[in-house]
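Student: What follows is query_29.cif; its format and atoms are mmCIF, C-alpha atoms.
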data_entry
loop_
_atom_site.label_atom_id
_atom_site.label_comp_id
_atom_site.auth_asym_id
_atom_site.auth_seq_id
_atom_site.Cartn_x
_atom_site.Cartn_y
_atom_site.Cartn_z
CA MET A 1 0.00 0.00 0.00
CA LEU A 2 2.84 2.41 0.88
CA ARG A 3 4.45 1.72 -2.49
CA SER A 4 1.18 2.58 -4.27
CA VAL A 5 0.90 5.83 -2.33
CA ILE A 6 4.44 6.84 -3.26
CA LEU A 7 3.91 6.03 -6.93
CA ALA A 8 0.71 8.09 -6.90
CA ALA A 9 2.67 10.98 -5.40
CA ALA A 10 5.16 10.64 -8.25
CA ARG A 11 2.36 11.67 -10.63
CA SER A 12 1.11 14.54 -8.48
CA HIS A 13 2.21 18.00 -9.57
CA LYS A 14 1.03 19.40 -6.22
CA VAL A 15 3.31 17.06 -4.27
CA GLU A 16 6.11 17.74 -6.72
CA ARG A 17 5.88 21.50 -6.08
CA LEU A 18 5.82 20.88 -2.32
CA VAL A 19 8.95 18.75 -2.44
CA GLU A 20 10.80 21.07 -4.80
CA THR A 21 10.13 24.10 -2.61
CA ALA A 22 10.88 22.47 0.75
CA PRO A 23 13.98 24.17 2.23
CA VAL A 24 15.82 20.92 2.89
CA SER A 25 14.95 19.19 -0.38
CA ARG A 26 18.34 20.05 -1.84
CA ASP A 27 20.15 18.12 0.88
CA VAL A 28 17.82 15.15 0.51
CA VAL A 29 18.12 15.02 -3.27
CA LYS A 30 21.88 15.39 -3.08
CA ARG A 31 22.09 11.95 -1.49
CA PHE A 32 20.45 10.31 -4.51
CA VAL A 33 21.20 12.64 -7.44
CA ALA A 34 24.66 13.77 -8.53
CA GLY A 35 23.85 17.38 -9.30
CA THR A 36 22.16 19.00 -12.25
CA GLY A 37 24.89 19.31 -14.88
CA THR A 38 27.78 17.57 -16.58
CA ALA A 39 30.47 19.04 -14.33
CA GLU A 40 28.82 17.72 -11.16
CA ALA A 41 28.18 14.33 -12.76
CA LEU A 42 31.84 14.16 -13.75
CA ASP A 43 32.99 14.99 -10.22
CA THR A 44 30.81 12.25 -8.74
CA THR A 45 32.03 9.77 -11.34
CA SER A 46 35.65 10.55 -10.50
CA GLU A 47 35.02 10.13 -6.77
CA LEU A 48 33.36 6.75 -7.24
CA ALA A 49 36.04 5.54 -9.67
CA ASP A 50 38.72 6.47 -7.13
CA LYS A 51 36.97 4.10 -4.70
CA GLY A 52 37.26 1.22 -7.15
CA LEU A 53 33.66 1.38 -8.34
CA CYS A 54 32.24 1.44 -11.86
CA ILE A 55 29.51 3.87 -12.89
CA THR A 56 26.56 4.18 -15.23
CA LEU A 57 25.19 7.71 -15.66
CA ASP A 58 21.58 8.66 -16.38
CA ASN A 59 20.57 12.11 -17.52
CA LEU A 60 17.17 12.47 -15.88
CA GLY A 61 14.24 13.34 -18.07
CA GLU A 62 10.48 12.92 -17.83
CA ASP A 63 7.66 13.42 -20.33
CA THR A 64 9.58 14.25 -23.49
CA LEU A 65 6.78 15.35 -25.82
CA THR A 66 8.53 17.22 -28.64
CA PRO A 67 11.49 16.64 -30.96
CA GLU A 68 13.11 19.73 -29.45
CA GLN A 69 13.04 18.22 -25.96
CA ALA A 70 14.49 14.99 -27.31
CA GLU A 71 17.26 16.94 -29.00
CA VAL A 72 18.18 18.60 -25.71
CA THR A 73 18.45 15.20 -23.99
CA LYS A 74 20.57 13.81 -26.80
CA GLY A 75 22.84 16.84 -26.60
CA ALA A 76 23.28 16.34 -22.86
CA TYR A 77 24.45 12.76 -23.42
CA LEU A 78 26.83 13.75 -26.19
CA GLU A 79 28.32 16.42 -23.93
CA LEU A 80 28.61 13.95 -21.05
CA LEU A 81 30.32 11.28 -23.16
CA LYS A 82 32.83 13.77 -24.54
CA ALA A 83 33.62 14.88 -20.99
CA LEU A 84 33.98 11.30 -19.73
CA GLY A 85 36.35 10.44 -22.54
CA GLY A 86 38.37 13.58 -22.01
CA ALA A 87 38.73 12.80 -18.30
CA GLY A 88 39.87 9.24 -18.98
CA LEU A 89 36.86 7.79 -17.17
CA THR A 90 35.85 5.34 -19.89
CA ALA A 91 39.01 3.23 -19.64
CA ASP A 92 38.58 -0.53 -19.45
CA ARG A 93 38.69 -1.98 -15.97
CA ALA A 94 39.05 -5.70 -16.63
CA PRO A 95 38.35 -8.35 -19.26
CA ALA A 96 35.01 -10.13 -19.12
CA GLY A 97 35.38 -13.02 -21.50
CA ALA A 98 35.37 -11.49 -24.95
CA GLN A 99 34.13 -8.20 -23.52
CA THR A 100 35.68 -5.43 -21.50
CA ILE A 101 34.32 -3.52 -18.53
CA ALA A 102 34.28 0.27 -18.90
CA THR A 103 34.75 2.32 -15.75
CA ALA A 104 31.92 4.65 -16.75
CA GLU A 105 29.10 4.08 -19.22
CA VAL A 106 25.72 5.72 -19.73
CA SER A 107 22.13 4.58 -19.25
CA LEU A 108 19.34 6.18 -21.22
CA LYS A 109 15.58 6.03 -21.44
CA LEU A 110 14.20 5.91 -24.95
CA SER A 111 11.17 7.89 -23.75
CA ALA A 112 13.51 10.81 -23.10
CA LEU A 113 14.63 10.59 -26.74
CA GLY A 114 11.12 10.71 -28.24
CA GLN A 115 9.86 7.12 -28.05
CA ALA A 116 6.35 8.12 -26.98
CA PHE A 117 5.62 10.05 -30.17
CA ASP A 118 8.24 8.93 -32.73
CA GLU A 119 10.04 5.61 -32.33
CA GLN A 120 12.22 6.23 -35.37
CA LEU A 121 13.41 9.53 -33.91
CA ALA A 122 14.16 7.87 -30.56
CA GLU A 123 16.15 5.15 -32.29
CA ALA A 124 18.08 7.67 -34.39
CA ASN A 125 18.92 9.68 -31.26
CA ALA A 126 19.98 6.53 -29.40
CA ARG A 127 22.12 5.47 -32.35
CA GLU A 128 23.97 8.79 -32.27
CA ILE A 129 24.60 8.38 -28.53
CA CYS A 130 25.83 4.81 -29.05
CA ALA A 131 28.24 6.04 -31.71
CA ALA A 132 29.56 8.73 -29.39
CA ALA A 133 29.99 6.16 -26.60
CA THR A 134 31.91 3.84 -28.91
CA ALA A 135 34.16 6.70 -29.97
CA VAL A 136 35.31 7.25 -26.39
CA GLY A 137 35.58 3.56 -25.56
CA THR A 138 32.43 2.93 -23.55
CA THR A 139 28.91 1.57 -23.86
CA VAL A 140 25.23 2.40 -23.50
CA THR A 141 22.50 0.56 -21.60
CA LEU A 142 18.85 1.09 -22.56
CA ASP A 143 16.76 1.52 -19.43
CA MET A 144 13.40 -0.23 -19.29
CA GLU A 145 10.25 1.65 -18.37
CA ASP A 146 6.60 0.64 -17.95
CA HIS A 147 5.35 -2.52 -19.68
CA THR A 148 3.71 -0.66 -22.58
CA THR A 149 7.18 0.20 -23.91
CA THR A 150 8.87 -3.18 -23.42
CA ASP A 151 8.42 -4.56 -26.93
CA SER A 152 9.40 -1.27 -28.55
CA THR A 153 12.52 -0.98 -26.37
CA LEU A 154 13.65 -4.55 -27.08
CA ASP A 155 13.04 -4.11 -30.82
CA ILE A 156 15.16 -0.95 -30.89
CA LEU A 157 17.81 -2.70 -28.79
CA SER A 158 17.99 -5.53 -31.31
CA ARG A 159 18.55 -3.10 -34.18
CA LEU A 160 21.13 -1.05 -32.27
CA ARG A 161 23.09 -4.17 -31.40
CA ARG A 162 23.71 -4.87 -35.09
CA ASP A 163 26.13 -1.94 -35.10
CA PHE A 164 26.78 -1.58 -31.36
CA PRO A 165 26.75 -5.14 -29.95
CA ALA A 166 27.76 -4.06 -26.44
CA THR A 167 24.54 -2.08 -25.96
CA GLY A 168 23.03 -3.25 -22.68
CA ALA A 169 19.50 -4.48 -22.06
CA VAL A 170 17.41 -4.12 -18.91
CA VAL A 171 14.75 -6.59 -17.76
CA GLN A 172 12.39 -6.28 -14.82
CA ALA A 173 11.72 -9.29 -12.62
CA TYR A 174 8.23 -8.21 -11.65
CA LEU A 175 6.96 -8.64 -15.21
CA ARG A 176 5.57 -12.09 -15.92
CA ARG A 177 7.20 -12.15 -19.36
CA THR A 178 10.74 -11.55 -18.12
CA GLU A 179 11.86 -15.17 -17.78
CA SER A 180 11.17 -15.61 -21.49
CA ASP A 181 12.98 -12.37 -22.31
CA CYS A 182 15.99 -13.54 -20.28
CA ARG A 183 16.22 -16.76 -22.30
CA GLU A 184 16.35 -14.75 -25.51
CA LEU A 185 18.87 -12.26 -24.16
CA ALA A 186 21.27 -14.67 -22.41
CA VAL A 187 23.53 -15.04 -25.44
CA ALA A 188 27.22 -14.43 -25.98
CA GLY A 189 28.19 -10.78 -25.76
CA SER A 190 24.82 -9.71 -24.35
CA ARG A 191 24.94 -7.36 -21.36
CA VAL A 192 21.71 -7.69 -19.35
CA ARG A 193 20.76 -5.74 -16.24
CA LEU A 194 18.24 -7.53 -14.04
CA CYS A 195 16.25 -5.31 -11.69
CA LYS A 196 12.99 -5.75 -9.79
CA GLY A 197 11.02 -2.95 -11.46
CA ALA A 198 9.71 0.37 -10.21
CA TYR A 199 6.48 1.16 -12.09
CA LYS A 200 2.93 0.45 -11.00
CA GLU A 201 1.76 -2.34 -13.29
CA PRO A 202 -1.53 -4.29 -13.56
CA GLU A 203 -1.70 -7.78 -12.12
CA HIS A 204 -2.10 -9.50 -15.47
CA VAL A 205 1.36 -8.35 -16.57
CA ALA A 206 3.25 -8.10 -13.29
CA TYR A 207 3.65 -9.96 -10.00
CA GLN A 208 2.21 -7.89 -7.16
CA GLY A 209 3.69 -9.44 -4.01
CA ALA A 210 7.26 -8.90 -2.83
CA LEU A 211 7.86 -12.63 -2.43
CA GLU A 212 6.60 -13.35 -5.94
CA VAL A 213 8.91 -10.69 -7.35
CA ASP A 214 11.88 -12.06 -5.41
CA LYS A 215 11.23 -15.59 -6.65
CA SER A 216 10.99 -14.31 -10.21
CA TYR A 217 14.24 -12.41 -9.72
CA VAL A 218 16.04 -15.61 -8.70
CA ARG A 219 14.58 -17.58 -11.61
CA CYS A 220 15.69 -14.87 -14.04
CA MET A 221 19.10 -14.70 -12.38
CA ASN A 222 19.53 -18.44 -12.87
CA ILE A 223 18.76 -18.11 -16.58
CA LEU A 224 21.24 -15.26 -17.04
CA MET A 225 23.98 -16.90 -14.99
CA ALA A 226 23.57 -20.16 -16.93
CA GLY A 227 23.69 -18.34 -20.27
CA GLU A 228 26.59 -16.97 -22.27
CA GLY A 229 25.95 -13.30 -21.69
CA TYR A 230 27.14 -10.84 -19.04
CA PRO A 231 24.62 -10.56 -16.16
CA MET A 232 24.33 -7.27 -14.30
CA LEU A 233 22.49 -7.89 -11.03
CA ALA A 234 20.81 -4.67 -9.92
CA THR A 235 19.70 -5.16 -6.33
CA HIS A 236 20.26 -3.89 -2.80
CA ASP A 237 18.63 -6.92 -1.18
CA PRO A 238 21.19 -8.79 0.96
CA ARG A 239 19.51 -12.13 0.25
CA LEU A 240 19.58 -11.63 -3.51
CA ILE A 241 23.19 -10.46 -3.38
CA ALA A 242 24.15 -13.62 -1.48
CA ILE A 243 22.20 -15.75 -3.96
CA GLY A 244 24.00 -13.97 -6.80
CA GLN A 245 27.36 -14.84 -5.29
CA ASP A 246 26.25 -18.44 -4.82
CA ARG A 247 24.98 -18.75 -8.41
CA ALA A 248 28.22 -17.31 -9.73
CA ARG A 249 30.12 -20.09 -7.96
CA TRP A 250 27.61 -22.70 -9.15
CA PHE A 251 27.96 -21.63 -12.79
CA ASP A 252 31.75 -21.12 -12.54
CA ARG A 253 31.62 -17.39 -13.17
CA SER A 254 34.58 -15.35 -12.01
CA PRO A 255 34.00 -11.85 -10.57
CA SER A 256 34.89 -10.41 -13.98
CA GLN A 257 32.07 -12.33 -15.69
CA PHE A 258 29.15 -10.57 -14.02
CA GLU A 259 28.57 -7.47 -11.93
CA PHE A 260 26.43 -6.06 -9.17
CA GLN A 261 24.68 -2.74 -9.66
CA MET A 262 23.32 -0.40 -7.01
CA LEU A 263 21.83 3.07 -6.94
CA TYR A 264 23.84 6.12 -6.00
CA GLY A 265 23.23 6.95 -2.35
CA ILE A 266 21.85 3.56 -1.34
CA ARG A 267 24.00 1.10 0.66
CA PRO A 268 27.35 2.73 -0.18
CA ASP A 269 29.12 0.63 2.47
CA GLU A 270 27.84 -2.53 0.82
CA GLN A 271 29.08 -1.28 -2.54
CA GLN A 272 32.54 -0.89 -1.07
CA ARG A 273 32.41 -4.27 0.68
CA LEU A 274 31.58 -6.11 -2.52
CA ALA A 275 34.26 -4.22 -4.42
CA ARG A 276 36.84 -5.19 -1.81
CA LEU A 277 35.84 -8.82 -2.33
CA GLY A 278 36.83 -8.45 -5.96
CA HIS A 279 33.37 -8.02 -7.46
CA THR A 280 32.66 -5.49 -10.16
CA VAL A 281 30.18 -3.04 -8.63
CA ARG A 282 28.55 -0.43 -10.84
CA VAL A 283 26.76 2.54 -9.30
CA TYR A 284 23.76 3.94 -11.15
CA VAL A 285 24.30 7.70 -10.98
CA PRO A 286 21.44 10.00 -12.05
CA TYR A 287 21.92 13.70 -12.65
CA GLY A 288 19.91 16.54 -14.10
CA THR A 289 17.16 18.98 -13.19
CA GLN A 290 14.21 16.60 -13.62
CA TRP A 291 14.91 14.54 -10.53
CA TYR A 292 11.45 14.36 -8.94
CA GLY A 293 10.02 11.33 -10.77
CA TYR A 294 13.26 9.42 -10.33
CA LEU A 295 13.41 10.13 -6.60
CA MET A 296 9.82 9.02 -5.99
CA ARG A 297 10.33 5.74 -7.85
CA ARG A 298 13.41 5.06 -5.73
CA LEU A 299 11.35 5.61 -2.60
CA ALA A 300 8.70 3.24 -3.97
CA GLU A 301 11.30 0.55 -4.68
CA ARG A 302 12.57 0.68 -1.12
CA PRO A 303 10.04 2.39 1.17
CA ALA A 304 12.61 2.34 3.99
CA ASN A 305 14.17 5.27 2.14
CA LEU A 306 11.04 7.25 2.99
CA GLY A 307 12.19 7.44 6.61
CA PHE A 308 15.36 9.24 5.58
CA PHE A 309 13.39 11.59 3.38
CA ALA A 310 10.81 12.33 6.08
CA ARG A 311 13.46 13.00 8.71
CA ALA A 312 15.19 15.42 6.38
CA LEU A 313 11.95 17.30 5.68
CA VAL A 314 11.34 17.99 9.39
CA SER A 315 14.95 18.59 10.30
CA LYS A 316 16.01 22.13 11.14
CA LYS A 317 19.56 21.52 10.05
#
Go ahead and render the structure in this file as structure tokens.
Tutor:
Amino acid sequence: MLRSVILAAARSHKVERLVETAPVSRDVVKRFVAGTGTAEALDTTSELADKGLCITLDNLGEDTLTPEQAEVTKGAYLELLKALGGAGLTADRAPAGAQTIATAEVSLKLSALGQAFDEQLAEANAREICAAATAVGTTVTLDMEDHTTTDSTLDILSRLRRDFPATGAVVQAYLRRTESDCRELAVAGSRVRLCKGAYKEPEHVAYQGALEVDKSYVRCMNILMAGEGYPMLATHDPRLIAIGQDRARWFDRSPSQFEFQMLYGIRPDEQQRLARLGHTVRVYVPYGTQWYGYLMRRLAERPANLGFFARALVSKK
């Protein structure tokens, strides 16, 4: 119920204005969002890389409704990639079979590039970003959004991979279709991020209970670990992390043949612990001015984060 309330708040402009104007919101957001521009994103990336962590950067955007808005988002990614390359932050970290692991890559939502009104435009914009990423020695991962965009996103991914085979996919364990998608994606050279999912979905397409979602996550993990691709396990759940480590041993995967992913600002000590154990840990780092929708979905994913947010709102510091 709490998750539903938070997701409803994510769509409320009234709540959005309240949060944006609260005096302490800046301090709260700073924990989860790495600033509003390229320079701040670059600083955060450098700090995390110095700690032995990998990074994927997301330029936050919501409700792109015009080609002009999509062009602005594309431009932000091109600027970011140029800056990452210039700072030497896209260097390979370690071999992963026939692949390499870039210190910093980018994640992008096709909706921010025009998918809602022109799929061809979104694909063209994504293709330009993929080319820029390749030019500086890194990769792109296509974020997954609500279930109505899943087929479109996977179709565009398939076409992009013809020219940019390292382009990463994202699948969401709460969708009933995801086990089947994992079987199709668990092929050589395929980078696949497995997450739980953060959108409110109807019961006929998505599991509703936390236990059901966790069980689906493990089933999907097994498929990816048994396959020939490169699994990217996006979770903060201690049980799922432990299961991931166990499955890696079971399927004879070295730490360079899969990675853990966690959100910026959530469980940083655990990120460091796993990195010290030799695991590749990639931190999902969002930045940009349109942070509200992202923040609310993060709270919905892990309602315990709401306590931190609430304390900050009433704090006088």
Student: Here is a test: counting all atoms listed in the file, which residue of A:Ser111, A:Ser256, A:Gln272, A:Ser216 is nearest to Cys182 (chain A)?
Tutor: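 So, comparing all the options, the nearest one is A:Ser216.
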Student: Work out how far apart CA of Asn59 (chain A) and CA of Ala34 (chain A) are and give it in Å to one decimal.
Tutor: 10.0 Å
Student: Distance CA of Ala173 (chain A)-CA of His236 (chain A), one decimal place?
Tutor: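 Computing it gives 14.1 Å between the two atoms.
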Student: Once the PyMOL selection byres ((chain A and resi 116-130) around 7) is applied to the coordinates I shared, what remains selected? I want it as a list in words.
Tutor: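 Listing what the PyMOL selection byres ((chain A and resi 116-130) around 7) selects in the shown file: Leu65, Lys74, Tyr77, Leu78, Leu110, Ser111, Leu113, Gly114, Gln115, Ala131, Ala132, Ala133, Thr134, Thr139, Val140, Ile156, Leu160 and Phe164 of chain A.
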Student: Rank nothing, just name the residue among A:Ala41, A:Ile266, A:Leu157, A:Leu175 nearest to Glu212 (chain A), using all atoms listed in the file.
Tutor: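 When distances to Glu212 (chain A) are compared using all atoms listed in the file, the smallest one comes from A:Leu175.
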Student: Report, in Å with one decimal, the straight-line distance from CA of Glu259 (chain A) to CA of Asp143 (chain A).
Tutor: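 Interatomic distance, CA of Glu259 (chain A) to CA of Asp143 (chain A): 16.6 Å.
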Student: Excluding Gln172 (chain A) and any residue of its chain fewer than 6 positions from it, enumerate the residues within 9 Å of it, using all atoms listed in the file, and give them as a VMD selection string.
Tutor: chain A and resid 144 to 145 178 193 to 198 217
Student: As JSON, please: the centre and edge lengths in Å, to one decimal, of an axis-aligned box enclosing every listed atom of region 222-229 of chain A with 8 Å added on each side.
Tutor:
{"center_x": 22.7, "center_y": -16.7, "center_z": -17.6, "size_x": 23.8, "size_y": 22.9, "size_z": 25.4}
Student: Give me the result of the PyMOL selection byres ((chain A and resi 257) around 8) on this file, residue by residue, as number ranges by chain.
Tutor: A: 96-97, 230-231, 253-256, 258-259
Student: Rank nothing, just name the residue among A:Gly137, A:Gly229, A:Gly278, A:Pro238 nearest to Asp214 (chain A), using all atoms listed in the file.
Tutor: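 Ranked by minimum distance to Asp214 (chain A), first place goes to A:Pro238.
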Student: For the file shown, what are the residues hit by the PyMOL selection byres ((chain A and resi 146) around 8), laid out as an NGL selection string?
Tutor: :A and (144-145 or 147-150 or 199-201)
Student: Could you tell me which of A:Lys30, A:Lys109, A:Phe260, A:Tyr174 comes closest to Ser152 (chain A) if we count all atoms listed in the file?
Tutor: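 Closest residue, counting all atoms listed in the file: A:Lys109.
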Student: Between A:Val171, A:Ala102, A:Val187, A:Ala49, which is the closest to Leu233 (chain A) once you count only C-alpha atoms?
Tutor: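 Smallest distance to Leu233 (chain A) is found for A:Val171.
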Student: Counting all atoms listed in the file, which of A:Ala91, A:Val106, A:Ala186, A:Ile223 gets nearest to Phe251 (chain A)?
Tutor: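 Going through A:Ala91, A:Val106, A:Ala186, A:Ile223 one by one, the smallest distance to Phe251 (chain A) is for A:Ile223.
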Student: Show me, as a ChimeraX atom specification, the residues that have an atom within 10 Å of Pro165 (chain A) when counting all atoms listed in the file, minus same-chain residues fewer than 3 positions from it.
Tutor: /A:139,157-162,168,189-191
Student: Please write the residues from the selection above to a file, keeping C-alpha atoms, as a tab-separated table (two decimals), in the coordinates of the input.
Tutor:
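Done, and the output landed in part.tsv:
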chain	number	residue	atom	x	y	z
A	139	THR	CA	28.91	1.57	-23.86
A	157	LEU	CA	17.81	-2.70	-28.79
A	158	SER	CA	17.99	-5.53	-31.31
A	159	ARG	CA	18.55	-3.10	-34.18
A	160	LEU	CA	21.13	-1.05	-32.27
A	161	ARG	CA	23.09	-4.17	-31.40
A	162	ARG	CA	23.71	-4.87	-35.09
A	168	GLY	CA	23.03	-3.25	-22.68
A	189	GLY	CA	28.19	-10.78	-25.76
A	190	SER	CA	24.82	-9.71	-24.35
A	191	ARG	CA	24.94	-7.36	-21.36
Student: So that I can see what lies close to Leu53 (chain A), please list as a list in words the residues with an atom at most 6 Å from it, counting only C-alpha atoms and leaving out residues fewer than 3 positions away in the same chain.
Tutor: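 These residues fall inside the cut-off: Leu48, Ala49, Val281 and Arg282 of chain A.
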Student: Could you pull the residues within 7 Å of Tyr264 (chain A), counting only C-alpha atoms, minus those fewer than 3 positions along the same chain, as a ChimeraX atom specification?
Tutor: /A:32,283-285
Student: So which residues fall inside 12 Å of (23.8, -17.3, -5.6) if we count only C-alpha atoms? Mind giving them as a list in words?
Tutor: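 In the file's frame, the residues around the point are Tyr217, Val218, Arg219, Cys220, Met221, Asn222, Leu224, Met225, Ala226, Leu233, Pro238, Arg239, Leu240, Ile241, Ala242, Ile243, Gly244, Gln245, Asp246, Arg247, Ala248, Arg249, Trp250, Phe251, Asp252 and Arg253 of chain A.
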Student: Any chance you could build region 144-162 of chain A out to N, CA, C and O atoms and write it as a compact mmCIF listing (two decimals), in the coordinates of the input?
Tutor:
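Full text of part.txt as output:
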# COMPACT_ATOMS: atom_id res chain seq x y z
N MET A 144 14.75 0.25 -19.02
CA MET A 144 13.40 -0.23 -19.29
C MET A 144 12.42 0.59 -18.47
O MET A 144 12.70 0.95 -17.33
N GLU A 145 11.26 0.86 -19.06
CA GLU A 145 10.25 1.65 -18.37
C GLU A 145 8.99 0.82 -18.18
O GLU A 145 9.08 -0.39 -18.00
N ASP A 146 7.80 1.42 -18.23
CA ASP A 146 6.60 0.64 -17.95
C ASP A 146 6.34 -0.38 -19.07
O ASP A 146 6.91 -0.29 -20.15
N HIS A 147 5.48 -1.36 -18.80
CA HIS A 147 5.35 -2.52 -19.68
C HIS A 147 4.86 -2.17 -21.08
O HIS A 147 5.09 -2.93 -22.02
N THR A 148 4.21 -1.02 -21.25
CA THR A 148 3.71 -0.66 -22.58
C THR A 148 4.84 -0.35 -23.55
O THR A 148 4.61 -0.32 -24.77
N THR A 149 6.05 -0.12 -23.03
CA THR A 149 7.18 0.20 -23.91
C THR A 149 8.16 -0.96 -24.07
O THR A 149 9.16 -0.82 -24.78
N THR A 150 7.88 -2.10 -23.43
CA THR A 150 8.87 -3.18 -23.42
C THR A 150 9.18 -3.70 -24.81
O THR A 150 10.35 -3.83 -25.20
N ASP A 151 8.17 -4.02 -25.59
CA ASP A 151 8.42 -4.56 -26.93
C ASP A 151 9.15 -3.56 -27.80
O ASP A 151 10.09 -3.91 -28.52
N SER A 152 8.73 -2.31 -27.76
CA SER A 152 9.40 -1.27 -28.55
C SER A 152 10.87 -1.14 -28.16
O SER A 152 11.76 -1.07 -29.02
N THR A 153 11.14 -1.14 -26.85
CA THR A 153 12.52 -0.98 -26.37
C THR A 153 13.38 -2.16 -26.81
O THR A 153 14.52 -1.98 -27.26
N LEU A 154 12.87 -3.38 -26.69
CA LEU A 154 13.65 -4.55 -27.08
C LEU A 154 13.86 -4.60 -28.60
O LEU A 154 14.91 -5.06 -29.06
N ASP A 155 12.87 -4.15 -29.37
CA ASP A 155 13.04 -4.11 -30.82
C ASP A 155 14.14 -3.12 -31.22
O ASP A 155 14.99 -3.41 -32.07
N ILE A 156 14.12 -1.95 -30.60
CA ILE A 156 15.16 -0.95 -30.89
C ILE A 156 16.52 -1.46 -30.43
O ILE A 156 17.53 -1.29 -31.13
N LEU A 157 16.56 -2.10 -29.27
CA LEU A 157 17.81 -2.70 -28.79
C LEU A 157 18.38 -3.67 -29.82
O LEU A 157 19.58 -3.64 -30.11
N SER A 158 17.53 -4.53 -30.34
CA SER A 158 17.99 -5.53 -31.31
C SER A 158 18.62 -4.86 -32.53
O SER A 158 19.66 -5.31 -33.02
N ARG A 159 18.00 -3.79 -33.00
CA ARG A 159 18.55 -3.10 -34.18
C ARG A 159 19.85 -2.37 -33.85
O ARG A 159 20.79 -2.36 -34.65
N LEU A 160 19.91 -1.75 -32.67
CA LEU A 160 21.13 -1.05 -32.27
C LEU A 160 22.30 -2.02 -32.13
O LEU A 160 23.44 -1.69 -32.48
N ARG A 161 22.02 -3.21 -31.63
CA ARG A 161 23.09 -4.17 -31.40
C ARG A 161 23.74 -4.66 -32.70
O ARG A 161 24.84 -5.21 -32.65
N ARG A 162 23.08 -4.49 -33.82
CA ARG A 162 23.71 -4.87 -35.09
C ARG A 162 24.98 -4.06 -35.33
O ARG A 162 25.96 -4.56 -35.88
